[in-house]
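Below: the structure, in structure tokens.
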Amino acid sequence: MKIAVFSTHQYDQDYFSEFNTGHELTYFILPLNEQTAALTVGYDAICIFVNDVVNKAVLDLLHTNGVKLIVLRCAGFNNVDVQAADDLGMPVLRVPAYSPEAVAEHAMALILTLNRKTHKAYNRVREGNFSLEKLMGFNLHNRKVAVIGTGNIGKAFCHILKGFGCKISAYDTYPDNTLATQGVTYGTLEETLADADIISLHCPLMDTTRHLINKQTLKLLKKGAMLINTSRGGLINTVDVIEALKDCQLGYLGLDVYEQEGKLFFHDYSEDVIPDELITRLISFPNVLITSHQGFFTKEAMEQIATITFGNIDAFVKGQELVNRVAV
Ligand code: NAD
């Protein structure tokens, strides 16, 4: 197949070229959106990532250009109008699970860094400052951690937490029986949020979960709790979270995703004015740690993403069952 691969960086090109099963790939650095959809003339399929925008208008353009297949090289599919794609007869395939440990381990990295302030200690020591003032953390052992969404990543995260001796509570619309037998206590969203020292979000972004963390739910948290989001930025109302940080209701915030990340993440603004007032406000807090959607970014995950993506494409070409098709 002739495949247009959007939003690529060198690392995407390296892994996709290595694991290519014989397709003709064109790598675009540009994201896919209404302005760039014209580039897809003559391609059979498009391959996209988390911040490409595939709404109805883009899908109509892709269909007119002859594109027959939408392939996501990620798990989340909130950026694709799946119903509109289905109406046009274009299957949407994704990588439902690739090394969930990669994201779960990154969530734990955010917790450990925020808590023990290793990023600050690193800079201090490099400047010859060996003082411990303001570096005090807390033991994770026996702390209560709330896991919102116990699918592939949430489950891997629970296993990591057990190793640290944390008490784990969880909320999921479909609780996991195995986790429940391993000591994870399921409750309502409100109970789970209210009882925890640390809350980590691992549910998908959907209409029902958009701004799950908002002015009202933030009030439920223990004062000074830590909030971690490695799932999707839209789960959090950023303005409300900034207010909660200002009045110390929220004690720590670790983000790998951000609602307005589309125009920022994966780009270098180090010599430019950052075009987003909310993220600059967030960066100004000493108890906020932001990484730019790198939870998935391990060698193992990149290999699995490439392998599963080509498996999806090959299944389509051979007319086989599309096991990783996003259901409408
Ligand atoms: P998954 O589908 O295996 O698990 C999602 C879980 O959320 C399921 O158990 C589901 O029942 C639950 N859920 C659905 N609606 C819910 C609700 N309203 N409240 C609570 N739980 C709900 O997905 P996963 O592989 O574990 O991935 C989780 C999310 O992580 C993805 O949706 C994606 O957005 C994000 N992700 C981020 C990165 C990254 O690099 N930061 C990488 C991969 C995935």
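Chains: A, B, ... in order of the structure tokens. Residues: from 1 per chain. Ligands: from 1, in order shown.
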What do you get as a ChimeraX atom specification if you pick all residues at most 7 Å from ligand 1, counting only C-alpha atoms and all ligand atoms?
/A:74-76,96-97,100,103,148-154,171-174,202-205,208-209,230-232,256-257,293-297
Just-selected residues, N, CA and C atoms written as a tab-separated table (two decimals), in the first residue's frame:
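Here's the written file selection.tsv:
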chain	number	residue	atom	x	y	z
A	74	CYS	N	-1.19	4.62	17.80
A	74	CYS	CA	-1.36	4.89	19.24
A	74	CYS	C	-2.62	4.19	19.70
A	75	ALA	N	-2.86	4.25	21.02
A	75	ALA	CA	-4.03	3.56	21.59
A	75	ALA	C	-5.28	4.44	21.54
A	76	GLY	N	-5.14	5.68	22.02
A	76	GLY	CA	-6.29	6.60	22.08
A	76	GLY	C	-6.75	6.97	20.67
A	96	PRO	N	-4.10	-1.09	20.30
A	96	PRO	CA	-4.81	-0.99	21.57
A	96	PRO	C	-3.90	-1.15	22.79
A	97	ALA	N	-2.88	-1.98	22.66
A	97	ALA	CA	-1.99	-2.16	23.82
A	97	ALA	C	-0.57	-2.38	23.30
A	100	PRO	N	2.12	-1.50	27.98
A	100	PRO	CA	1.45	-0.61	28.95
A	100	PRO	C	2.39	-0.21	30.08
A	103	VAL	N	4.01	3.41	29.89
A	103	VAL	CA	3.26	4.57	30.40
A	103	VAL	C	3.12	4.48	31.93
A	148	ILE	N	-7.64	5.76	38.42
A	148	ILE	CA	-8.90	5.99	37.71
A	148	ILE	C	-8.76	5.37	36.31
A	149	GLY	N	-9.38	4.21	36.13
A	149	GLY	CA	-9.24	3.46	34.88
A	149	GLY	C	-8.21	2.37	35.07
A	150	THR	N	-8.70	1.11	35.19
A	150	THR	CA	-7.77	0.00	35.43
A	150	THR	C	-7.75	-0.96	34.23
A	151	GLY	N	-7.54	-0.37	33.04
A	151	GLY	CA	-7.35	-1.19	31.83
A	151	GLY	C	-5.89	-1.62	31.77
A	152	ASN	N	-5.35	-1.69	30.56
A	152	ASN	CA	-3.98	-2.20	30.40
A	152	ASN	C	-2.96	-1.38	31.20
A	153	ILE	N	-3.02	-0.05	31.06
A	153	ILE	CA	-2.01	0.79	31.72
A	153	ILE	C	-2.30	0.90	33.22
A	154	GLY	N	-3.57	1.12	33.56
A	154	GLY	CA	-3.94	1.22	34.98
A	154	GLY	C	-3.54	-0.03	35.75
A	171	TYR	N	-11.25	3.30	40.53
A	171	TYR	CA	-12.58	3.51	39.95
A	171	TYR	C	-12.50	3.15	38.48
A	172	ASP	N	-13.43	2.32	38.04
A	172	ASP	CA	-13.53	1.96	36.63
A	172	ASP	C	-14.98	1.58	36.39
A	173	THR	N	-15.49	1.93	35.20
A	173	THR	CA	-16.87	1.54	34.88
A	173	THR	C	-16.98	0.02	34.75
A	174	TYR	N	-15.85	-0.64	34.48
A	174	TYR	CA	-15.81	-2.11	34.45
A	174	TYR	C	-14.67	-2.58	35.36
A	202	HIS	N	-6.01	7.03	34.25
A	202	HIS	CA	-5.68	6.07	33.19
A	202	HIS	C	-6.90	5.65	32.39
A	203	CYS	N	-7.96	6.48	32.42
A	203	CYS	CA	-9.15	6.16	31.62
A	203	CYS	C	-9.07	6.92	30.29
A	204	PRO	N	-9.81	6.47	29.28
A	204	PRO	CA	-9.74	7.17	27.98
A	204	PRO	C	-10.50	8.49	28.01
A	205	LEU	N	-10.19	9.37	27.07
A	205	LEU	CA	-10.94	10.62	26.92
A	205	LEU	C	-12.16	10.35	26.05
A	208	THR	N	-17.96	11.40	28.21
A	208	THR	CA	-18.31	11.19	29.62
A	208	THR	C	-17.12	11.44	30.57
A	209	THR	N	-15.90	11.47	30.03
A	209	THR	CA	-14.74	11.67	30.92
A	209	THR	C	-14.08	13.03	30.72
A	230	THR	N	-1.33	10.83	32.82
A	230	THR	CA	-0.55	10.35	31.66
A	230	THR	C	-1.51	9.84	30.59
A	231	SER	N	-2.81	10.17	30.72
A	231	SER	CA	-3.79	9.59	29.79
A	231	SER	C	-4.09	10.53	28.62
A	232	ARG	N	-4.98	11.50	28.81
A	232	ARG	CA	-5.26	12.50	27.80
A	232	ARG	C	-5.53	13.82	28.50
A	256	ASP	N	1.76	14.39	31.78
A	256	ASP	CA	2.44	13.99	30.54
A	256	ASP	C	1.60	14.39	29.34
A	257	VAL	N	0.39	14.85	29.61
A	257	VAL	CA	-0.55	15.23	28.54
A	257	VAL	C	-1.21	16.53	28.97
A	293	HIS	N	4.20	14.39	26.57
A	293	HIS	CA	3.62	13.16	26.01
A	293	HIS	C	4.71	12.14	25.65
A	294	GLN	N	5.52	11.80	26.64
A	294	GLN	CA	6.61	10.86	26.38
A	294	GLN	C	6.40	9.53	27.09
A	295	GLY	N	5.20	9.34	27.70
A	295	GLY	CA	4.95	8.10	28.42
A	295	GLY	C	5.19	6.86	27.57
A	296	PHE	N	4.81	6.93	26.30
A	296	PHE	CA	4.93	5.77	25.40
A	296	PHE	C	6.36	5.56	24.93
A	297	PHE	N	7.27	6.51	25.20
A	297	PHE	CA	8.51	6.61	24.44
A	297	PHE	C	9.62	5.73	25.01
Picked from segment 57-303 of chain A by DSSP as helix (DSSP H, G or I), as a ChimeraX atom specification
/A:57-64,82-87,100-116,118-126,152-163,177-181,189-194,215-220,233-235,238-246,261-263,277-283,299-303
Enumerate, in order of chain and increasing residue number, the residues of segment 134-229 of chain A with an atom no farther than 9 Å from segment 105-119 of chain A, each with its shortest atom pair and distance in Å to one decimal, counting only C-alpha atoms, as a tab-separated table.
residue	atom	partner	partner_atom	distance
A:Lys134	CA	A:Lys117	CA	8.9
A:Leu135	CA	A:Lys117	CA	6.0
A:Met136	CA	A:Arg116	CA	6.7
A:Gly137	CA	A:Arg116	CA	4.9
A:Phe138	CA	A:Asn115	CA	6.7
A:Asn139	CA	A:Asn115	CA	8.8
A:Leu140	CA	A:Leu112	CA	8.8
A:Ala156	CA	A:Glu105	CA	8.4
A:Phe157	CA	A:Glu105	CA	7.1
A:Ile160	CA	A:Glu105	CA	7.6
A:Leu161	CA	A:Met108	CA	8.2
A:Ile198	CA	A:Ile111	CA	8.4
A:Ser200	CA	A:Ala107	CA	7.6
A:Met226	CA	A:Ile111	CA	8.1
A:Leu227	CA	A:Ile111	CA	8.9
A:Ile228	CA	A:Ala107	CA	6.9
A:Asn229	CA	A:Ala107	CA	7.6
Taking 3 positions as the minimum chain separation for residues in the same chain, which residues sit within 12 Å of Glu303 of chain A when counting only C-alpha atoms? Answer as a ChimeraX atom specification.
/A:11-20,73,95,98-99,296-300,306-310
Using DSSP on the backbone coordinates, identify all residues within segment 102-192 of chain A classified as strand (DSSP E); present the result as a PyMOL selection string.
chain A and resi 144-148+167-171+185-186
File dump, residues just selected, all heavy atoms, as a tab-separated table (two decimals), in the first residue's frame:
chain	number	residue	atom	x	y	z
A	144	LYS	N	-2.07	5.99	50.17
A	144	LYS	CA	-3.24	5.54	49.40
A	144	LYS	C	-3.20	6.18	48.01
A	144	LYS	O	-3.16	7.41	47.89
A	144	LYS	CB	-4.51	5.95	50.13
A	144	LYS	CG	-5.73	5.29	49.58
A	144	LYS	CD	-6.58	4.72	50.70
A	144	LYS	CE	-7.59	3.72	50.17
A	144	LYS	NZ	-8.52	3.31	51.19
A	145	VAL	N	-3.20	5.34	47.00
A	145	VAL	CA	-3.15	5.83	45.62
A	145	VAL	C	-4.44	5.42	44.91
A	145	VAL	O	-4.85	4.26	44.95
A	145	VAL	CB	-1.93	5.26	44.86
A	145	VAL	CG1	-1.86	5.84	43.45
A	145	VAL	CG2	-0.64	5.56	45.62
A	146	ALA	N	-5.09	6.40	44.27
A	146	ALA	CA	-6.32	6.13	43.51
A	146	ALA	C	-5.98	6.00	42.04
A	146	ALA	O	-5.30	6.86	41.47
A	146	ALA	CB	-7.30	7.28	43.71
A	147	VAL	N	-6.44	4.90	41.43
A	147	VAL	CA	-6.19	4.66	40.02
A	147	VAL	C	-7.53	4.77	39.30
A	147	VAL	O	-8.45	3.99	39.54
A	147	VAL	CB	-5.56	3.26	39.81
A	147	VAL	CG1	-5.22	3.03	38.34
A	147	VAL	CG2	-4.30	3.11	40.67
A	148	ILE	N	-7.64	5.76	38.42
A	148	ILE	CA	-8.90	5.99	37.71
A	148	ILE	C	-8.76	5.37	36.31
A	148	ILE	O	-8.08	5.93	35.45
A	148	ILE	CB	-9.24	7.50	37.61
A	148	ILE	CG1	-9.12	8.18	38.98
A	148	ILE	CG2	-10.62	7.71	36.98
A	148	ILE	CD1	-10.05	7.65	40.05
A	167	LYS	N	-1.32	1.48	49.29
A	167	LYS	CA	-2.71	0.99	49.37
A	167	LYS	C	-3.40	1.51	48.12
A	167	LYS	O	-3.31	2.70	47.83
A	167	LYS	CB	-3.38	1.53	50.62
A	167	LYS	CG	-2.77	1.01	51.90
A	167	LYS	CD	-3.45	1.66	53.09
A	167	LYS	CE	-2.79	1.17	54.37
A	167	LYS	NZ	-3.04	2.09	55.50
A	168	ILE	N	-4.08	0.61	47.40
A	168	ILE	CA	-4.61	1.02	46.09
A	168	ILE	C	-6.13	1.00	46.10
A	168	ILE	O	-6.76	-0.01	46.42
A	168	ILE	CB	-4.10	0.08	44.98
A	168	ILE	CG1	-2.57	-0.08	45.07
A	168	ILE	CG2	-4.51	0.60	43.60
A	168	ILE	CD1	-2.01	-1.19	44.20
A	169	SER	N	-6.73	2.14	45.73
A	169	SER	CA	-8.17	2.18	45.49
A	169	SER	C	-8.36	2.51	44.01
A	169	SER	O	-7.46	3.07	43.38
A	169	SER	CB	-8.84	3.22	46.38
A	169	SER	OG	-8.25	4.48	46.15
A	170	ALA	N	-9.50	2.12	43.46
A	170	ALA	CA	-9.67	2.30	42.02
A	170	ALA	C	-11.12	2.61	41.68
A	170	ALA	O	-12.04	2.25	42.41
A	170	ALA	CB	-9.22	1.04	41.28
A	171	TYR	N	-11.25	3.30	40.53
A	171	TYR	CA	-12.58	3.51	39.95
A	171	TYR	C	-12.50	3.15	38.48
A	171	TYR	O	-11.58	3.58	37.76
A	171	TYR	CB	-13.05	4.96	40.10
A	171	TYR	CG	-14.29	5.22	39.31
A	171	TYR	CD1	-15.52	4.67	39.70
A	171	TYR	CD2	-14.26	5.97	38.13
A	171	TYR	CE1	-16.66	4.86	38.94
A	171	TYR	CE2	-15.40	6.17	37.37
A	171	TYR	CZ	-16.59	5.61	37.78
A	171	TYR	OH	-17.73	5.78	37.03
A	185	THR	N	-9.08	-1.94	45.99
A	185	THR	CA	-10.44	-1.70	46.45
A	185	THR	C	-11.17	-0.77	45.48
A	185	THR	O	-10.76	0.37	45.30
A	185	THR	CB	-10.40	-0.99	47.83
A	185	THR	OG1	-9.41	-1.62	48.64
A	185	THR	CG2	-11.74	-1.01	48.52
A	186	TYR	N	-12.23	-1.27	44.87
A	186	TYR	CA	-13.01	-0.44	43.95
A	186	TYR	C	-14.08	0.34	44.71
A	186	TYR	O	-14.67	-0.17	45.67
A	186	TYR	CB	-13.68	-1.30	42.87
A	186	TYR	CG	-12.73	-1.68	41.77
A	186	TYR	CD1	-12.00	-2.86	41.83
A	186	TYR	CD2	-12.56	-0.86	40.66
A	186	TYR	CE1	-11.11	-3.22	40.81
A	186	TYR	CE2	-11.67	-1.20	39.64
A	186	TYR	CZ	-10.96	-2.38	39.72
A	186	TYR	OH	-10.09	-2.72	38.71
Enumerate, in order of chain and increasing residue number, the residues of segment 134-214 of chain A with an atom no farther than 10 Å from segment 240-254 of chain A, each with its shortest atom pair and distance in Å to one decimal, counting only C-alpha atoms, as a tab-separated table.
residue	atom	partner	partner_atom	distance
A:Asp197	CA	A:Gly251	CA	9.6
A:Ile198	CA	A:Tyr252	CA	8.9
A:Ile199	CA	A:Leu253	CA	9.7
A:Ser200	CA	A:Gly254	CA	9.2
A:His211	CA	A:Asp240	CA	9.5
A:Ile213	CA	A:Val241	CA	7.8
A:Asn214	CA	A:Asp240	CA	5.7
Export of prior selection with N, CA and C atoms as a compact mmCIF listing (two decimals), in the first residue's frame:
# COMPACT_ATOMS: atom_id res chain seq x y z
N ASP A 197 -4.10 9.95 48.63
CA ASP A 197 -2.99 10.90 48.70
C ASP A 197 -2.50 11.24 47.29
N ILE A 198 -2.64 10.26 46.40
CA ILE A 198 -2.19 10.44 45.02
C ILE A 198 -3.29 9.90 44.11
N ILE A 199 -3.62 10.64 43.05
CA ILE A 199 -4.63 10.18 42.08
C ILE A 199 -3.95 10.11 40.72
N SER A 200 -4.09 8.97 40.04
CA SER A 200 -3.47 8.83 38.72
C SER A 200 -4.55 8.45 37.70
N HIS A 211 -13.03 16.58 31.19
CA HIS A 211 -13.01 17.42 32.41
C HIS A 211 -13.55 16.66 33.63
N ILE A 213 -11.75 15.89 35.97
CA ILE A 213 -11.17 16.68 37.07
C ILE A 213 -11.52 18.14 36.81
N ASN A 214 -12.40 18.66 37.66
CA ASN A 214 -12.91 20.02 37.48
C ASN A 214 -13.08 20.65 38.85
